[in-house]
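Here's upload-v8.txt, which has compact mmCIF, C-alpha atoms and all ligand atoms:
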```
# COMPACT_ATOMS: atom_id res chain seq x y z
CA MET A 60 23.59 12.83 -7.64
CA LEU A 61 21.05 10.47 -9.17
CA LYS A 62 18.47 13.19 -9.01
CA ASP A 63 20.21 15.32 -11.59
CA ASP A 64 21.31 12.62 -14.03
CA ALA A 65 18.06 10.78 -14.45
CA PRO A 66 15.89 12.25 -17.18
CA SER A 67 12.98 10.39 -15.64
CA ASN A 68 13.07 12.72 -12.66
CA ARG A 69 13.05 15.81 -14.76
CA VAL A 70 9.89 14.64 -16.46
CA SER A 71 8.14 13.92 -13.20
CA LEU A 72 9.27 17.20 -11.65
CA GLU A 73 7.76 19.09 -14.55
CA ASP A 74 4.73 16.99 -14.03
CA THR A 75 4.24 18.04 -10.45
CA GLU A 76 5.03 21.65 -11.14
CA ALA A 77 2.86 21.93 -14.21
CA SER A 78 -0.56 22.30 -12.67
CA ALA A 79 -2.93 20.49 -10.42
CA THR A 80 -5.25 19.84 -13.33
CA SER A 81 -2.81 17.73 -15.38
CA ALA A 82 -3.34 14.01 -15.01
CA LEU A 83 -1.28 11.95 -12.62
CA LEU A 84 1.34 9.91 -14.50
CA LEU A 85 1.29 6.38 -13.15
CA SER A 86 3.92 3.81 -14.20
CA LEU A 87 3.14 0.14 -14.11
CA VAL A 88 6.34 -1.88 -13.92
CA VAL A 89 5.74 -5.37 -15.25
CA PRO A 90 8.53 -7.97 -15.18
CA THR A 91 7.81 -10.66 -17.74
CA TYR A 92 9.56 -13.94 -18.26
CA ASN A 93 7.86 -16.26 -20.73
CA GLU A 94 4.46 -14.63 -20.29
CA ALA A 95 3.35 -14.59 -23.94
CA GLU A 96 0.05 -16.18 -22.94
CA SER A 97 -0.66 -13.55 -20.29
CA VAL A 98 0.34 -10.15 -21.68
CA THR A 99 -2.68 -9.68 -23.94
CA ALA A 100 -5.11 -10.47 -21.15
CA PHE A 101 -3.08 -8.32 -18.79
CA LEU A 102 -3.26 -5.28 -21.08
CA ALA A 103 -6.96 -5.80 -21.71
CA ARG A 104 -7.70 -5.95 -17.99
CA VAL A 105 -5.56 -2.88 -17.26
CA SER A 106 -7.26 -0.90 -20.02
CA GLU A 107 -10.64 -1.87 -18.65
CA VAL A 108 -9.72 -0.74 -15.15
CA PHE A 109 -8.26 2.59 -16.21
CA ALA A 110 -10.84 3.43 -18.86
CA ALA A 111 -12.92 5.20 -16.23
CA ALA A 112 -10.02 6.83 -14.39
CA ALA A 113 -9.60 10.05 -16.33
CA SER A 114 -7.34 11.63 -13.73
CA VAL A 115 -4.67 8.99 -14.25
CA GLU A 116 -2.38 8.83 -17.25
CA LEU A 117 -0.79 5.44 -17.69
CA GLU A 118 2.65 4.28 -18.72
CA ILE A 119 3.21 0.52 -18.82
CA VAL A 120 6.86 -0.48 -18.60
CA PHE A 121 7.33 -4.13 -19.54
CA ILE A 122 10.67 -5.69 -18.77
CA ASN A 123 11.35 -8.66 -20.99
CA ASP A 124 13.56 -10.70 -18.69
CA GLY A 125 15.17 -12.89 -21.34
CA SER A 126 12.00 -14.73 -22.34
CA THR A 127 12.52 -17.70 -24.62
CA ASP A 128 8.97 -17.63 -25.97
CA SER A 129 7.25 -14.96 -28.05
CA THR A 130 6.75 -12.50 -25.18
CA LEU A 131 8.81 -9.75 -26.84
CA GLU A 132 7.03 -10.08 -30.21
CA ARG A 133 3.68 -9.95 -28.43
CA LEU A 134 4.70 -6.84 -26.53
CA MET A 135 5.91 -5.14 -29.72
CA GLN A 136 2.63 -5.91 -31.44
CA HIS A 137 0.79 -4.27 -28.59
CA GLN A 138 3.11 -1.30 -28.61
CA ALA A 139 2.26 -0.64 -32.27
CA THR A 140 -1.32 0.14 -31.28
CA ASP A 141 -0.91 1.23 -27.68
CA ALA A 142 1.27 4.27 -26.99
CA ARG A 143 1.30 3.56 -23.25
CA VAL A 144 3.51 0.51 -23.69
CA ARG A 145 7.27 0.81 -23.21
CA ILE A 146 9.52 -2.23 -23.39
CA VAL A 147 12.89 -2.75 -21.74
CA ASP A 148 14.48 -5.81 -23.31
CA LEU A 149 17.17 -7.35 -21.09
CA SER A 150 20.08 -9.24 -22.63
CA ARG A 151 19.19 -12.47 -20.80
CA ASN A 152 17.19 -13.74 -17.84
CA PHE A 153 18.43 -11.84 -14.79
CA GLY A 154 15.66 -12.87 -12.41
CA LYS A 155 12.65 -10.98 -11.15
CA GLU A 156 14.53 -8.82 -8.68
CA ALA A 157 16.87 -7.48 -11.38
CA ALA A 158 14.00 -7.08 -13.84
CA LEU A 159 12.13 -5.00 -11.28
CA THR A 160 15.19 -2.85 -10.75
CA ALA A 161 15.44 -2.28 -14.50
CA GLY A 162 11.79 -1.29 -14.61
CA LEU A 163 12.08 1.15 -11.72
CA GLU A 164 15.06 2.74 -13.49
CA ALA A 165 13.03 3.24 -16.66
CA ALA A 166 9.76 4.35 -15.07
CA ARG A 167 8.96 8.04 -15.33
CA GLY A 168 5.73 8.26 -13.36
CA GLN A 169 4.93 10.33 -10.32
CA VAL A 170 3.73 7.10 -8.76
CA ILE A 171 5.05 3.66 -9.65
CA VAL A 172 3.38 0.28 -9.25
CA PRO A 173 5.27 -2.99 -9.81
CA ILE A 174 2.78 -5.65 -10.84
CA ASP A 175 3.03 -9.25 -12.12
CA ALA A 176 2.02 -10.01 -15.68
CA ASP A 177 0.12 -13.16 -14.74
CA LEU A 178 -2.87 -11.24 -13.28
CA GLN A 179 -2.26 -12.63 -9.81
CA ASP A 180 -2.21 -9.02 -8.65
CA PRO A 181 -5.63 -7.52 -9.51
CA PRO A 182 -5.16 -4.16 -11.34
CA GLU A 183 -8.47 -2.94 -9.86
CA LEU A 184 -6.66 -2.47 -6.59
CA ILE A 185 -4.41 0.22 -8.03
CA LEU A 186 -7.21 2.78 -7.91
CA ASP A 187 -7.64 2.13 -4.18
CA MET A 188 -3.90 2.51 -3.78
CA VAL A 189 -3.93 5.84 -5.59
CA ALA A 190 -6.69 7.01 -3.25
CA ARG A 191 -4.52 6.20 -0.24
CA TRP A 192 -1.54 7.91 -1.91
CA ARG A 193 -3.62 11.05 -2.33
CA GLU A 194 -4.19 10.96 1.43
CA GLY A 195 -0.45 11.49 1.83
CA TYR A 196 1.04 8.02 2.09
CA GLU A 197 4.23 7.48 0.10
CA VAL A 198 3.99 3.69 0.03
CA VAL A 199 0.78 1.70 -0.27
CA LEU A 200 1.23 -2.04 0.22
CA ALA A 201 -1.15 -4.62 -1.16
CA ARG A 202 -1.67 -7.22 1.55
CA ARG A 203 -2.91 -10.68 0.65
CA ILE A 204 -5.68 -11.63 3.00
CA ASP A 205 -6.38 -14.89 1.22
CA ARG A 206 -3.64 -16.90 -0.41
CA ASN A 207 -5.73 -19.93 -1.24
CA ALA A 208 -4.65 -19.54 -4.85
CA ASP A 209 -1.10 -20.44 -3.78
CA SER A 210 -0.23 -24.02 -2.96
CA TRP A 211 -0.19 -25.22 0.62
CA ALA A 212 3.57 -25.75 0.51
CA LYS A 213 4.16 -22.23 -0.74
CA ARG A 214 2.01 -20.68 1.97
CA ALA A 215 3.61 -22.76 4.71
CA SER A 216 7.14 -22.01 3.57
CA ALA A 217 6.32 -18.33 3.21
CA ALA A 218 4.92 -18.17 6.75
CA TRP A 219 8.00 -19.95 8.04
CA PHE A 220 10.32 -17.62 6.13
CA TYR A 221 8.73 -14.49 7.55
CA ARG A 222 8.91 -15.86 11.07
CA VAL A 223 12.60 -16.81 10.80
CA HIS A 224 13.58 -13.72 8.84
CA ASN A 225 11.87 -11.23 11.09
CA ARG A 226 13.39 -12.85 14.17
CA ILE A 227 16.94 -12.96 12.77
CA ALA A 228 17.23 -9.89 10.57
CA ASP A 229 17.47 -6.31 11.72
CA LEU A 230 14.36 -5.21 9.90
CA THR A 231 10.82 -6.49 9.78
CA ILE A 232 9.32 -7.46 6.45
CA PRO A 233 5.55 -7.08 6.55
CA GLU A 234 3.93 -10.48 6.18
CA ASN A 235 1.79 -11.40 3.16
CA VAL A 236 3.03 -8.46 1.15
CA GLY A 237 4.65 -9.03 -2.23
CA ASP A 238 6.19 -6.70 -4.75
CA PHE A 239 2.74 -5.42 -5.72
CA ARG A 240 2.59 -1.95 -4.15
CA LEU A 241 2.36 1.73 -4.98
CA MET A 242 5.40 3.93 -4.49
CA ASP A 243 5.79 7.66 -4.73
CA ARG A 244 8.57 9.06 -6.90
CA VAL A 245 10.65 9.93 -3.79
CA VAL A 246 10.52 6.30 -2.69
CA VAL A 247 11.73 5.01 -6.04
CA ASP A 248 14.52 7.59 -6.10
CA ALA A 249 15.54 6.39 -2.65
CA LEU A 250 15.56 2.78 -3.86
CA LYS A 251 17.74 3.68 -6.80
CA GLN A 252 20.34 5.02 -4.42
CA LEU A 253 20.89 1.64 -2.79
CA PRO A 254 24.09 0.37 -4.37
CA GLU A 255 23.95 -3.36 -3.72
CA SER A 256 23.95 -5.56 -6.77
CA ARG A 257 22.43 -8.59 -5.02
CA ARG A 258 18.96 -7.26 -4.59
CA PHE A 259 16.40 -8.78 -2.28
CA MET A 260 13.58 -6.43 -3.16
CA LYS A 261 11.26 -7.16 -0.25
CA GLY A 262 14.07 -6.35 2.14
CA LEU A 263 15.13 -3.20 0.30
CA PHE A 264 11.52 -2.03 0.17
CA ALA A 265 11.24 -2.51 3.93
CA TRP A 266 14.62 -0.93 4.66
CA ILE A 267 13.89 2.44 3.05
CA GLY A 268 10.86 3.15 5.25
CA PHE A 269 8.50 6.06 4.39
CA ARG A 270 4.88 6.58 5.40
CA THR A 271 3.06 3.34 4.61
CA ALA A 272 -0.56 2.33 4.21
CA PHE A 273 -2.14 -1.05 3.40
CA VAL A 274 -4.93 -2.20 1.14
CA ASP A 275 -6.15 -5.80 1.31
CA TYR A 276 -6.84 -8.16 -1.56
CA GLU A 277 -7.33 -11.79 -2.40
CA ARG A 278 -4.50 -13.39 -4.31
CA GLN A 279 -5.77 -14.59 -7.68
CA ARG A 280 -4.81 -17.68 -9.60
CA ARG A 281 -2.23 -17.42 -12.34
CA PHE A 282 -3.92 -16.51 -15.64
CA ALA A 283 -1.80 -18.89 -17.73
CA GLY A 284 1.48 -20.77 -17.61
CA GLN A 285 3.49 -21.89 -14.63
CA THR A 286 5.10 -20.19 -11.67
CA LYS A 287 8.81 -19.50 -12.23
CA PHE A 288 9.64 -19.97 -8.58
CA ASN A 289 10.19 -23.61 -7.72
CA GLY A 290 11.29 -24.81 -4.29
CA TRP A 291 15.00 -24.39 -4.87
CA ARG A 292 14.67 -20.86 -6.23
CA LEU A 293 12.49 -19.87 -3.28
CA TRP A 294 14.99 -21.39 -0.84
CA ASN A 295 17.78 -19.33 -2.41
CA LEU A 296 15.61 -16.23 -2.29
CA ALA A 297 15.03 -16.87 1.42
CA LEU A 298 18.78 -17.29 2.04
CA GLU A 299 19.37 -14.06 0.17
CA GLY A 300 16.77 -12.36 2.33
CA VAL A 301 18.29 -13.39 5.61
CA THR A 302 21.93 -12.85 4.66
CA SER A 303 21.29 -9.45 3.04
CA PHE A 304 19.97 -7.96 6.21
CA SER A 305 21.62 -9.74 9.11
CA THR A 306 25.05 -10.92 10.16
CA ASP A 307 23.63 -12.89 13.07
CA PRO A 308 24.13 -16.25 11.32
CA LEU A 309 27.86 -15.43 11.28
CA ARG A 310 27.98 -14.28 14.86
CA ILE A 311 26.06 -17.20 16.32
CA TRP A 312 29.08 -19.48 15.85
CA THR A 313 30.97 -17.60 18.56
CA TYR A 314 28.23 -18.53 21.01
CA VAL A 315 27.86 -22.09 19.76
CA GLY A 316 31.65 -22.43 20.09
CA CYS A 317 31.61 -21.05 23.65
CA LEU A 318 28.81 -23.40 24.64
CA VAL A 319 30.45 -26.47 23.13
CA SER A 320 33.83 -25.62 24.71
CA PHE A 321 32.20 -25.11 28.07
CA VAL A 322 30.40 -28.45 27.88
CA SER A 323 33.64 -30.17 26.77
CA PHE A 324 35.45 -28.59 29.68
CA LEU A 325 32.89 -29.96 32.15
CA PHE A 326 33.14 -33.34 30.44
CA ALA A 327 36.96 -33.23 30.75
CA ILE A 328 36.70 -32.60 34.49
CA PHE A 329 34.18 -35.42 34.78
CA ILE A 330 36.52 -37.83 32.94
CA ALA A 331 39.54 -36.77 35.01
CA VAL A 332 37.66 -37.29 38.25
CA ARG A 333 36.40 -40.66 37.07
CA VAL A 334 39.94 -41.77 36.16
CA ILE A 335 41.17 -40.75 39.61
CA ILE A 336 38.42 -42.68 41.33
CA HIS A 337 37.98 -45.72 39.05
CA GLY A 338 41.30 -45.83 37.23
CA ILE A 339 41.74 -45.87 33.47
CA ASP A 340 39.11 -47.72 31.49
CA VAL A 341 39.70 -48.20 27.79
CA PRO A 342 36.21 -48.49 26.28
CA GLY A 343 34.84 -45.14 25.13
CA TYR A 344 34.70 -45.59 21.39
CA ALA A 345 31.06 -44.57 21.18
CA SER A 346 31.42 -41.30 23.08
CA LEU A 347 34.61 -40.47 21.17
CA MET A 348 33.00 -41.05 17.82
CA VAL A 349 29.98 -38.99 18.77
CA ALA A 350 32.14 -36.10 19.91
CA VAL A 351 34.31 -36.19 16.78
CA THR A 352 31.46 -36.39 14.29
CA PHE A 353 29.30 -33.88 16.12
CA LEU A 354 32.04 -31.30 16.31
CA GLY A 355 33.09 -32.01 12.72
CA GLY A 356 29.54 -31.34 11.56
CA LEU A 357 29.29 -28.19 13.63
CA GLN A 358 32.52 -26.83 12.15
CA LEU A 359 31.38 -27.57 8.63
CA ILE A 360 28.13 -25.70 9.19
CA GLY A 361 30.07 -22.76 10.58
CA ILE A 362 32.40 -22.72 7.59
CA GLY A 363 29.40 -23.00 5.28
CA VAL A 364 27.79 -19.93 6.80
CA ILE A 365 31.02 -17.97 6.53
CA GLY A 366 31.30 -19.13 2.91
CA GLU A 367 27.79 -17.87 2.23
CA TYR A 368 28.73 -14.37 3.35
CA LEU A 369 32.16 -14.46 1.77
CA GLY A 370 30.52 -15.41 -1.52
CA ARG A 371 28.16 -12.48 -1.25
CA THR A 372 30.99 -10.09 -0.44
CA TYR A 373 32.90 -11.42 -3.41
CA LEU A 374 30.00 -10.97 -5.82
CA GLU A 375 29.24 -7.53 -4.43
CA SER A 376 32.87 -6.44 -4.69
CA LYS A 377 32.91 -7.07 -8.43
CA ARG A 378 30.52 -4.15 -8.88
CA ARG A 379 28.87 -5.70 -11.88
CA PRO A 380 25.74 -4.03 -13.17
CA ILE A 381 22.50 -5.54 -11.90
CA PHE A 382 21.12 -6.10 -15.42
CA LEU A 383 22.05 -5.40 -19.02
CA VAL A 384 19.64 -3.85 -21.50
CA ARG A 385 19.63 -5.01 -25.10
CA LYS A 386 17.24 -2.36 -26.26
CA ILE A 387 14.52 -0.04 -25.03
CA TYR A 388 11.48 0.15 -27.28
CA GLU A 389 9.60 3.43 -26.98
CA PRO A 390 6.15 3.89 -28.47
CA LYS A 391 6.01 5.91 -31.70
CA GLY A 392 4.64 9.43 -31.67
N1 LIG A 401 9.54 -13.10 -13.56
C1 LIG A 401 10.63 -12.46 -14.17
N2 LIG A 401 11.85 -13.09 -14.19
C2 LIG A 401 12.05 -14.32 -13.61
C3 LIG A 401 10.94 -14.94 -12.97
C4 LIG A 401 9.70 -14.31 -12.97
O1 LIG A 401 10.50 -11.36 -14.69
O2 LIG A 401 13.16 -14.81 -13.68
C5 LIG A 401 8.21 -12.42 -13.56
C6 LIG A 401 7.08 -13.27 -14.11
O3 LIG A 401 6.97 -13.15 -15.52
C7 LIG A 401 5.86 -12.69 -13.42
C8 LIG A 401 6.44 -12.26 -12.07
O4 LIG A 401 7.85 -12.15 -12.24
O5 LIG A 401 5.34 -11.56 -14.09
C9 LIG A 401 6.08 -13.23 -10.98
O6 LIG A 401 6.52 -14.52 -11.33
P1 LIG A 401 5.68 -15.82 -10.97
O7 LIG A 401 4.23 -15.58 -11.29
O8 LIG A 401 6.33 -16.98 -11.62
O9 LIG A 401 5.89 -15.89 -9.40
P2 LIG A 401 4.77 -16.26 -8.29
O10 LIG A 401 3.57 -15.41 -8.59
O11 LIG A 401 4.50 -17.70 -8.46
O12 LIG A 401 5.43 -15.91 -7.00
MG MG A 402 2.56 -15.32 -10.30
```
Translate this structure into structure tokens?
Ligand code: UDP
Ligand code: MG
Amino acid sequence: MLKDDAPSNRVSLEDTEASATSALLLSLVVPTYNEAESVTAFLARVSEVFAAAASVELEIVFINDGSTDSTLERLMQHQATDARVRIVDLSRNFGKEAALTAGLEAARGQVIVPIDADLQDPPELILDMVARWREGYEVVLARRIDRNADSWAKRASAAWFYRVHNRIADLTIPENVGDFRLMDRVVVDALKQLPESRRFMKGLFAWIGFRTAFVDYERQRRFAGQTKFNGWRLWNLALEGVTSFSTDPLRIWTYVGCLVSFVSFLFAIFIAVRVIIHGIDVPGYASLMVAVTFLGGLQLIGIGVIGEYLGRTYLESKRRPIFLVRKIYEPKG
């Protein structure tokens, strides 16, 4: 269905059918949120990298994710002199996952590479990725072998997230892999078919499968500005990750309930026997209080987990679009 509607596909199909000599169209998908300080350096670096790669034709899709600084103006200035630049301007900040989705929708390339604007993902690596793609891999993941550029807290929490997620959820997210990757057109078309509006990209990427290769790199420092992911946002992203791909947190309460009931049952027998042997003894405030508060807490956690899923079902059931576009700026000529 999607295949026939999307003009982007028609372009890329012509591309493949044209001839083996025509250049490969590669789309960079760059979500930007308040990156005015980075985009110029980003474009300069990309141009440098691809200057020598004659076999690759470039399209750079910037998604302006509701920036409040001069990111959009900067991008438009660049577009005036650089016909590779396309800009998708979203109506507000929808978050990186939605911005990426918007970019994948707009991209027309035969291969597509999401990349951050802050130069933390080195563009040089893309040529290695293309080489692997030419070997027949449909997905080429960039794996961070050295994350020293990230803070200790971020690395520790990331490691912990992968461990918990991969144990709980039904699919395994490769560790130390971000959104920076190369995808074949078929992979992106597959992604576009996933209907969910709450998008945890790393999970979706892992869910679709396809033949996958890795290239390693060292994570760079941010070129300018600040990370947009503080602790709370990362925590919510992690929750999203686990709840999007597993219902185990819901199911576990059945087992916790069984265990607690069983223990209470044994305790009841113990009390009954003690009463028969020693008679009734009134003190017991401490154990009562402990039981009441412990069970109360347990029930609240259980309800909270159910609420988490119910909330997601509710949001999903509204079928709202993932992002809204204010305007798409195409290069002239
Ligand atoms: N980003 C975005 N929308 C957001 C947050 C971030 O488009 O709401 C973009 C941001 O401009 C950057 C990329 O996503 O190009 C990665 O963001 P950031 O560098 O803050 O994340 P980190 O590298 O610290 O994980
Ligand atoms: Mg970054």
Would you please work out which residue, of A:Pro342, A:Thr271, A:Val88, A:Arg167, is nearest to Glu194 in chain A when using all atoms listed in the file?
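Using all atoms listed in the file, Glu194 in chain A sits closest to A:Thr271.
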Residue neighbourhood Asn207 in chain A, 10 Å, only C-alpha atoms, exclusion window fewer than 2 positions, as a ChimeraX atom specification:
/A:203-205,209-211,214,277-280
Extract, using only C-alpha atoms, all DNA, RNA and protein residues at most 7 Å from range 240-252 of chain A, discarding same-chain residues fewer than 5 positions from it, and format them as a VMD selection string.
chain A and resid 163 169 to 173 188 197 to 201
To box ligand LIG 401 (chain A), take all atoms listed in the file, fit an axis-aligned box, add 6 Å on each side, and give centre and edge lengths in Å to one decimal, as lines of an AutoDock Vina configuration file.
```
center_x = 8.4
center_y = -14.5
center_z = -11.3
size_x = 21.6
size_y = 18.3
size_z = 20.5
```
Point out the residue among A:Ala176, A:Leu293, A:Leu354, A:Leu325 with the least atom-to-atom distance to ligand MG 402 (chain A), counting all atoms listed in the file.
A:Ala176
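Pocket residues of ligand LIG 401 (chain A), taken as those with any atom at most 8 Å away using all atoms listed in the file, are Val89, Pro90, Thr91, Tyr92, Asn93, Glu94, Ile122, Asn123, Asp124, Gly125, Asn152, Phe153, Gly154, Lys155, Glu156, Ala158, Leu159, Ile174, Asp175, Ala176, Asp177, Gln179, Asp209, Arg281, Gln285, Thr286, Lys287 and Phe288 of chain A.
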Do you have the CA of Val98 in chain A-CA of Ile119 in chain A distance handy?
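If I compute the distance from CA of Val98 in chain A to CA of Ile119 in chain A, I get 11.4 Å.
When only C-alpha atoms are used to measure the gap to Glu107 in chain A, the shortest distance among A:Pro181, A:Thr352, A:Asn289, A:Thr313 belongs to A:Pro181.
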Selection: 6 Å around Gly168 in chain A, all atoms listed in the file, excl. self and same-chain fewer than 6 positions, as an mmCIF file with C-alpha atoms, keeping the file's coordinate frame:
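To be explicit, this is the file written out as selection_7.cif:
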```
data_model
loop_
_atom_site.group_PDB
_atom_site.id
_atom_site.type_symbol
_atom_site.label_atom_id
_atom_site.label_comp_id
_atom_site.auth_asym_id
_atom_site.auth_seq_id
_atom_site.Cartn_x
_atom_site.Cartn_y
_atom_site.Cartn_z
ATOM 1 C CA LEU A 84 1.340 9.910 -14.500
ATOM 2 C CA LEU A 85 1.290 6.380 -13.150
ATOM 3 C CA SER A 86 3.920 3.810 -14.200
#
```
Point out the residue among A:Gly284, A:Gly162, A:Pro233, A:Gly300 with the least atom-to-atom distance to ligand MG 402 (chain A), counting only C-alpha atoms and all ligand atoms.
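Nearest to ligand MG 402 (chain A): A:Gly284.
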As an exercise, work out the distance from CA of Val341 in chain A to CA of Phe329 in chain A in Å and give it to one decimal place.
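Distance between the two atoms: 15.6 Å.
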Pick out the closest residue to ligand MG 402 (chain A) from this set: A:Arg151, A:Arg191, A:Arg104, A:Lys213. Count all atoms listed in the file.
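Of A:Arg151, A:Arg191, A:Arg104, A:Lys213, the one nearest ligand MG 402 (chain A) is A:Lys213, counting all atoms listed in the file.
The nearest approach to Val351 in chain A among the residues A:Ser323, A:Thr372, A:Thr99, A:Ser303, with only C-alpha atoms taken into account, belongs to A:Ser323.
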Atom pair CA of Ser114 in chain A + CA of Ala190 in chain A, distance 11.5 Å
Write out as a ChimeraX atom specification which residues come within 9 Å of Met260 in chain A when counting only C-alpha atoms, dropping same-chain ones fewer than 2 positions away.
/A:156-157,159-160,238,258,262-265,300
Quick one: residues within 10 Å of (1.4, -14.9, -25.0) (file frame), counting only C-alpha atoms, please, as a PyMOL selection string.
chain A and resi 93-100+128-134+283-284
Report as a PyMOL selection string all protein, DNA and RNA residues lying within 7 Å of range 140-150 of chain A, evaluated on all atoms listed in the file, omitting residues in the same chain fewer than 4 positions from it.
chain A and resi 117-125+383-391
